[in-house]
Amino acid sequence: MNFIRKFIGTSATDEVASIPSGKLFLTRSPQSPKGEMECLYIDAFACIRQTTRPFFFQLCITRVYQEGELVAHGSSGFDDSDEDDEDDNDTPHSLSDATTGSKDEWTFSILEDLKIHSYTKTDGTRAIAWKDLNGDIGDKFEFIVDEDVKLNDVDAFMLALHKCLYEVKYHRSSLGIKDLSELDEFIFTPKPELISIGDLKSSSILQYDSDEEDDDEDEEDVEDDPEDDSDGDNDFKDASADSLSNFDTKIVEPKGITTYSNKEFELHFYDTSEGCFKLVGAGSETELKLINLGDWEYTLYVHTTKGAPVRFNATLSKNMNPTFNYEHLSFIFNYFAIEGTELLAYSWLLKFPTFNDLSAFQNAFMGALWETLNKQKWIKASEVEQEYVLDAFSKLDVNDPELLSKDDRRELEAEEEEEEEEKEEASHQAIEEEPLKEEKSTKKLFVDEDDDEYGDNEEEAKLNTFKSASEKNSNLSVGSTNNRSYVARGDKLGVFNSYNDGIAYQTTISNLKDLKGKKLNPEKMMLHQQDQFMVLSSKEEDKSLFKMDLNRGKIVEEWKVSEDIPVVSYGPNSKFAQLTNEQTLTGISNNGLFKIDPRLSGYKIVNNDAALKTNPGFQSLTTTDEGYIAVGSKKGDIRLYDRIGIRAKSALPSLGEPIIGLDVSKDGRWLLATCKTYLLLIDTKIGGDQKNSGALGFTKYFDKDKKPKPRRLTINPEHAAYISTTSGDKSLSFTHATFNAGVNSKETTIVTSTGPYIISWSLRKVLLGQPNPYSVRRYQQEVVADSFKFGSSSDVIIALQDDVSMVKKQRLAEPSKVLRNKSRNSVVKSYK
């Protein structure tokens with residue numbers, strides 16, 4: 001029986017309303033590898049409790065034990081048989097103060113974001129459902145009410161819940177409600193939807209399901225929608241004229257050579273207000289042309305002739321974020337328009353009638369885009385290069401034996417159990433992002449000539465000086481031996497210590513100067529010799545490197561690398577060389593790969609006789625644990641070396657974008673390349689049907705016609721459009737992406753950023769082709785750099801323009817409480 005009690009004057013543990021019996025289920029989206037439904041409690045009690053905090057309530061689902069059951073499970077009733085998947089985000093319910101779970105009770109803060117609603121199931125039973133705020137999109141909890149509970153009791157329970165929501169929102173007693181219609185705004189009626197941009201505006205998480213649609217509710221939960229297509233394909237709806245009001249129908253077809261045209265396709269527009277693609281025109285109502293404008297410029301001209309007229313030219317560029325989906329015979333891309341001083345981003349979808357139609361368009365489009373980016377004719381690219389480009393922009397078949405062998409797949413699936421254990425351990429340690437605070441210890445990192453001016457308030461004064469600098473944070477270097485991280489800000493270095501529960505400011509290294517007393521603003525930083533030193537470079541002195549003694553906080557050496565060869569980039573000789581006392585480095589120039597030995601007298605360059613006669617524009621490098629080297633160029637190609645001084649063993653073609661950064665797994669198997677609008681994950685292991693089968697591309701060459709198929713990692717175009725419009729009118733621009741790294745740990749996660757967004761990919765999900773491979777968290781400042789804490793796969797250290805923070809990876813998979821409560825919180829926690 002359900003009892004409604006008074007809403008005011010109750011104690012902290014009083015129940016506002018209750019339902020005596022039911023079952024608790026966690027219902028997942030159909031794509032979840034763990035199945036659609038999991039029974040959490042076979043017998044449970046539901047109640048609404050008022051807390052000690054005014055106008056704040058909790059929904060509590062408590063497990064009910066039968067006589068003798070508690071004894072069988074021990075005095076606590078704890079049963080540790082449940083398992084969670086590492087990236088399904090089931091475990092981190094304890095990470096949020098809005099949701100906590102144990103073996104005996106689940107507690108949910110009653111918020112509008114839960115979208116709590118009741119409905120009648122097909123078998124006639126009543127159920128109460130709400131979103132799993134910590135789970136994947138489409139995940140929800142369901143409390144199935146037992147049949148012997150009266151329907152009136154369920155209705156009374158929901159009325160009490162709506163009154164709670166009223167009090168939470170308006171901070172006043174619901175006793176003042178004179179008309180129950182005042183509660184209508186809290187009655188949630190679910191409807192089918194794709195990943196909703198509307199939801200993205202009120203949360204920091206963007207999750208992408210590569211193929212399928214994730215609905216917030218199951219079909220049985222949804223009332224009939226008169227606008228639904230008869231075949232249930234709800235992602236395509238007729239678009240209204242208002243949705244397309246920003247498109248100028250007076251635009252004329254540009255003059256040029258038409259290289260492709262088609263009138264047999266469907267045109268769909270992504271409506272951000274409803275979170276779905278809407279049909280604009282089809283067949284003879286539409287026309288698209290690919291037009292060569294000359295000077296390596298192409299445009300995609302699209303227009304409709306009926307209904308709401310639409311006409312636009314989409315200039316081909318890397319910012320289009322083109323995505324081909326063979327399963328749905330679709331091509332999705334972004335279109336950017338400038339209205340006044342505002343950048344507007346839109347997502348369009350072209351759906352073709354057959355695979356051959358899509359393939360023909362793909363070849364024409366990718367050829368034109370390749371010419372735009374490379375300033376060369378597509379027909380001059382070899383067949384191998386063309387296939388490499390087309391593979392990179394296609395959705396790969398995860399069952400393709402060239403992508404993963406059976407042994408590889410079994411190994412990845414076996415790793416899930418290890419990841420579950422790691423996640424369970426991380427969930428016990430996870431906390432909210434803490435504000436950076438001044439180090440409590442009075443121990444100094446170093447003593448410098450400016451100490452006297454600070455007196456007893458040395459650290460506080462240094463922190464204020466660091467924060468008040470007119471420059472912005474520009475770089476980040478994360479230590480591997482002492483849990484320290486260093487953030488460059490003009491001619492200053494902020495020093496921070498990381499702990500299990502966050503990151504803390506320690507001190508500032510001020511007034512960086514070279515040996516001649518000239519101010520030095522670090523362009524690149526690399527920790528060296530067990531983190532006792534740091535190697536710095538400067539734009540003003542591009543043929544020299546500078547060695548800083550971190551114990552003294554001063555630059556102690558200048559290394560003249562060469563008389564006439566600028567050092568473009570540099571790194572350790574092997575992935576973990578920084579853990580040793582190794583003094584030599586690996587460096588690159590525009591066309592050469594060489595060793596740098598600071599022990600030499602005079603110039604420090606070694607082994608530069610293998611420099612290329614051409615200028616490929618080298619600009620990034622990385623090394624494996626064995627010391628194999630990968631070098632990326634401004635043209636977008638990648639070369640793999642097993643050592644310095646010889647020709648590359650393998651060369652991977654360019655997709656047309658510069659390689660901004662490189663990282664590699666310690667065993668050399670997986671190479672990660674960062675481009676402006678996407679990442680490339682490349683398997684360097686040579687396939688079983690090739691001459692050098694089983695070897696790595698660093699040590700042996702691939703067969704000429706069997707280059708590895710790159711996995712192109714990017715975000716859904718509609719997500720990219722939303723991010724662009726919320727990032728200060730900037731298109732996607734990824735920072736250097738990295739794996740988590742540690743001597744005794746395996747790479748499981750990739751992290752990068754764009755604008756104010758941190759983005760993380762699950763490596764296992766990517767390799768197995770599983771849905772929801774990435775998650776996102778938004779900050780209020782632009783992210784400058786990010787990197788995993790050494791030896792951790794869950795802690796990410798982030799340098800923002802004016803702040804430094806550490807976030808648990810699991811937090812990237814949760815809706816942001818901060819964005820839901822903008823008036824009371826700040827996304828960025830400052831170090832004060």
# chains A, B, ... in the order shown; residues from 1 in each chain; ligands from 1

$ residues_around --residues "A:Ser174" --least-positions-apart "6" --cutoff "9 Å" --atoms "only C-alpha atoms" --output "count of residues only"
5

$ atom_distance --atom1 "atom CA of A:Gly517" --atom2 "atom CA of A:Glu541"
13.6 Å

$ residues_around --residues "stretch 655-665 of chain A" --least-positions-apart "5" --cutoff "9 Å" --atoms "only C-alpha atoms" --output "ChimeraX atom specification"
/A:318,369-374,385,388-389,392,575,618-625,630-638,670-677,734-741,746-747

$ write_last_selection --atoms "N, CA and C atoms" --output "compact mmCIF listing (two decimals), in the first residue's frame"
# COMPACT_ATOMS: atom_id res chain seq x y z
N LYS A 318 38.68 20.21 -45.79
CA LYS A 318 38.80 19.23 -44.73
C LYS A 318 37.81 19.47 -43.61
N LEU A 369 38.33 16.06 -53.43
CA LEU A 369 38.85 16.54 -52.15
C LEU A 369 40.36 16.33 -52.08
N TRP A 370 40.83 15.20 -52.57
CA TRP A 370 42.28 14.91 -52.56
C TRP A 370 43.03 15.95 -53.39
N GLU A 371 42.47 16.30 -54.53
CA GLU A 371 43.11 17.32 -55.37
C GLU A 371 43.13 18.67 -54.66
N THR A 372 42.05 19.00 -53.97
CA THR A 372 41.97 20.26 -53.24
C THR A 372 43.05 20.34 -52.17
N LEU A 373 43.26 19.23 -51.45
CA LEU A 373 44.21 19.23 -50.35
C LEU A 373 45.65 19.06 -50.79
N ASN A 374 45.88 18.32 -51.88
CA ASN A 374 47.24 18.01 -52.30
C ASN A 374 47.73 18.83 -53.48
N GLU A 385 47.50 4.26 -53.54
CA GLU A 385 47.19 5.49 -52.81
C GLU A 385 45.70 5.79 -52.84
N TYR A 388 43.91 3.53 -50.45
CA TYR A 388 44.23 3.93 -49.07
C TYR A 388 43.35 5.10 -48.64
N VAL A 389 43.18 6.08 -49.54
CA VAL A 389 42.36 7.25 -49.23
C VAL A 389 40.90 6.85 -49.09
N ALA A 392 40.17 5.00 -45.87
CA ALA A 392 40.21 5.85 -44.68
C ALA A 392 38.91 6.60 -44.46
N LYS A 575 60.37 4.99 -26.24
CA LYS A 575 59.15 5.49 -25.59
C LYS A 575 59.36 5.81 -24.12
N PHE A 618 58.86 17.25 -42.87
CA PHE A 618 58.70 16.53 -41.61
C PHE A 618 58.27 17.50 -40.51
N GLN A 619 57.33 17.06 -39.64
CA GLN A 619 56.95 17.96 -38.55
C GLN A 619 56.56 17.23 -37.26
N SER A 620 56.51 15.91 -37.25
CA SER A 620 56.16 15.21 -36.02
C SER A 620 56.84 13.84 -36.00
N LEU A 621 57.12 13.35 -34.80
CA LEU A 621 57.72 12.02 -34.67
C LEU A 621 57.31 11.37 -33.37
N THR A 622 57.47 10.06 -33.32
CA THR A 622 57.24 9.29 -32.10
C THR A 622 58.11 8.04 -32.16
N THR A 623 58.36 7.42 -31.00
CA THR A 623 59.21 6.24 -30.92
C THR A 623 58.55 5.15 -30.10
N THR A 624 58.86 3.90 -30.43
CA THR A 624 58.35 2.75 -29.70
C THR A 624 59.29 2.40 -28.57
N ASP A 625 58.92 1.39 -27.80
CA ASP A 625 59.76 0.93 -26.70
C ASP A 625 61.09 0.38 -27.21
N ALA A 630 58.56 6.68 -36.06
CA ALA A 630 57.58 7.09 -37.07
C ALA A 630 57.69 8.60 -37.24
N VAL A 631 57.69 9.06 -38.48
CA VAL A 631 57.81 10.49 -38.79
C VAL A 631 56.67 10.89 -39.70
N GLY A 632 55.94 11.95 -39.31
CA GLY A 632 54.84 12.46 -40.12
C GLY A 632 55.21 13.79 -40.75
N SER A 633 54.60 14.08 -41.88
CA SER A 633 54.96 15.29 -42.64
C SER A 633 53.80 16.26 -42.77
N LYS A 634 54.13 17.46 -43.23
CA LYS A 634 53.12 18.46 -43.51
C LYS A 634 52.23 18.05 -44.68
N LYS A 635 52.76 17.19 -45.54
CA LYS A 635 51.97 16.72 -46.68
C LYS A 635 51.00 15.62 -46.29
N GLY A 636 51.23 15.00 -45.12
CA GLY A 636 50.29 14.00 -44.64
C GLY A 636 50.77 12.57 -44.75
N ASP A 637 51.96 12.34 -45.33
CA ASP A 637 52.44 10.96 -45.38
C ASP A 637 53.24 10.62 -44.12
N ILE A 638 53.42 9.32 -43.88
CA ILE A 638 54.10 8.84 -42.68
C ILE A 638 55.16 7.83 -43.10
N TRP A 670 50.26 -0.29 -32.89
CA TRP A 670 49.24 0.68 -33.26
C TRP A 670 49.83 2.08 -33.33
N LEU A 671 49.72 2.69 -34.49
CA LEU A 671 50.22 4.03 -34.72
C LEU A 671 49.04 5.00 -34.75
N LEU A 672 49.14 6.09 -34.01
CA LEU A 672 48.07 7.07 -33.90
C LEU A 672 48.56 8.40 -34.48
N ALA A 673 47.90 8.86 -35.52
CA ALA A 673 48.27 10.12 -36.18
C ALA A 673 47.15 11.13 -35.99
N THR A 674 47.53 12.36 -35.65
CA THR A 674 46.56 13.43 -35.47
C THR A 674 46.56 14.36 -36.68
N CYS A 675 45.40 14.53 -37.27
CA CYS A 675 45.20 15.55 -38.29
C CYS A 675 44.22 16.58 -37.73
N LYS A 676 43.99 17.64 -38.46
CA LYS A 676 43.18 18.74 -37.92
C LYS A 676 41.77 18.31 -37.58
N THR A 677 41.14 17.52 -38.43
CA THR A 677 39.72 17.19 -38.23
C THR A 677 39.47 15.71 -37.98
N PHE A 734 41.82 19.32 -33.80
CA PHE A 734 42.27 18.42 -32.74
C PHE A 734 43.67 18.76 -32.27
N THR A 735 43.86 18.65 -30.96
CA THR A 735 45.21 18.73 -30.40
C THR A 735 45.88 17.37 -30.53
N HIS A 736 47.18 17.33 -30.27
CA HIS A 736 47.96 16.11 -30.38
C HIS A 736 47.31 14.99 -29.57
N ALA A 737 46.82 13.95 -30.25
CA ALA A 737 46.16 12.83 -29.58
C ALA A 737 47.21 11.84 -29.06
N THR A 738 46.93 11.25 -27.90
CA THR A 738 47.87 10.31 -27.30
C THR A 738 47.14 9.11 -26.71
N PHE A 739 47.86 7.99 -26.61
CA PHE A 739 47.39 6.85 -25.84
C PHE A 739 47.70 7.08 -24.37
N ASN A 740 47.02 6.35 -23.49
CA ASN A 740 47.52 6.25 -22.12
C ASN A 740 48.82 5.46 -22.16
N ALA A 741 49.76 5.78 -21.28
CA ALA A 741 51.09 5.17 -21.35
C ALA A 741 51.57 4.77 -19.97
N LYS A 746 48.82 -1.43 -20.59
CA LYS A 746 48.56 -1.56 -22.01
C LYS A 746 47.69 -0.40 -22.48
N GLU A 747 47.89 0.01 -23.72
CA GLU A 747 47.12 1.13 -24.25
C GLU A 747 45.66 0.71 -24.41

$ atom_distance --atom1 "atom CA of A:Phe533" --atom2 "atom CA of A:Ser792"
22.5 Å

$ closest_residue --among "A:Tyr628, A:Leu545, A:Gln529, A:Arg639" --to "A:Tyr603" --atoms "only C-alpha atoms"
A:Leu545

$ select_by_dssp --residues "stretch 555-634 of chain A" --states "strand (DSSP E or B)" --output "NGL selection string"
:A and (555-560 or 569-572 or 585-588 or 593-596 or 605-606 or 618-623 or 629-633)

$ atom_distance --atom1 "atom CA of A:Phe45" --atom2 "atom CA of A:Val145"
9.5 Å

$ closest_residue --among "A:Tyr570, A:Phe576, A:Phe269, A:Phe186" --to "A:Ile588" --atoms "only C-alpha atoms"
A:Tyr570

$ closest_residue --among "A:Lys467, A:Gly587, A:Ser793, A:Ser382" --to "A:Lys704" --atoms "only C-alpha atoms"
A:Ser382

$ residues_around --residues "A:Phe157" --least-positions-apart "3" --cutoff "9 Å" --atoms "only C-alpha atoms" --output "JSON, numbers by chain"
{"A": [2, 3, 4, 16, 17, 18, 19, 47, 48, 152, 153, 154, 160, 161, 162]}

$ residues_around --residues "A:Lys289" --least-positions-apart "3" --cutoff "7 Å" --atoms "only C-alpha atoms" --output "count of residues only"
7

$ residues_around --residues "stretch 110-124 of chain A" --least-positions-apart "3" --cutoff "6 Å" --atoms "only C-alpha atoms" --output "ChimeraX atom specification"
/A:57-58,127-131,188

$ select_by_dssp --residues "stretch 697-786 of chain A" --states "alpha helix (DSSP H)" --output "PyMOL selection string"
chain A and resi 717-725+763-768
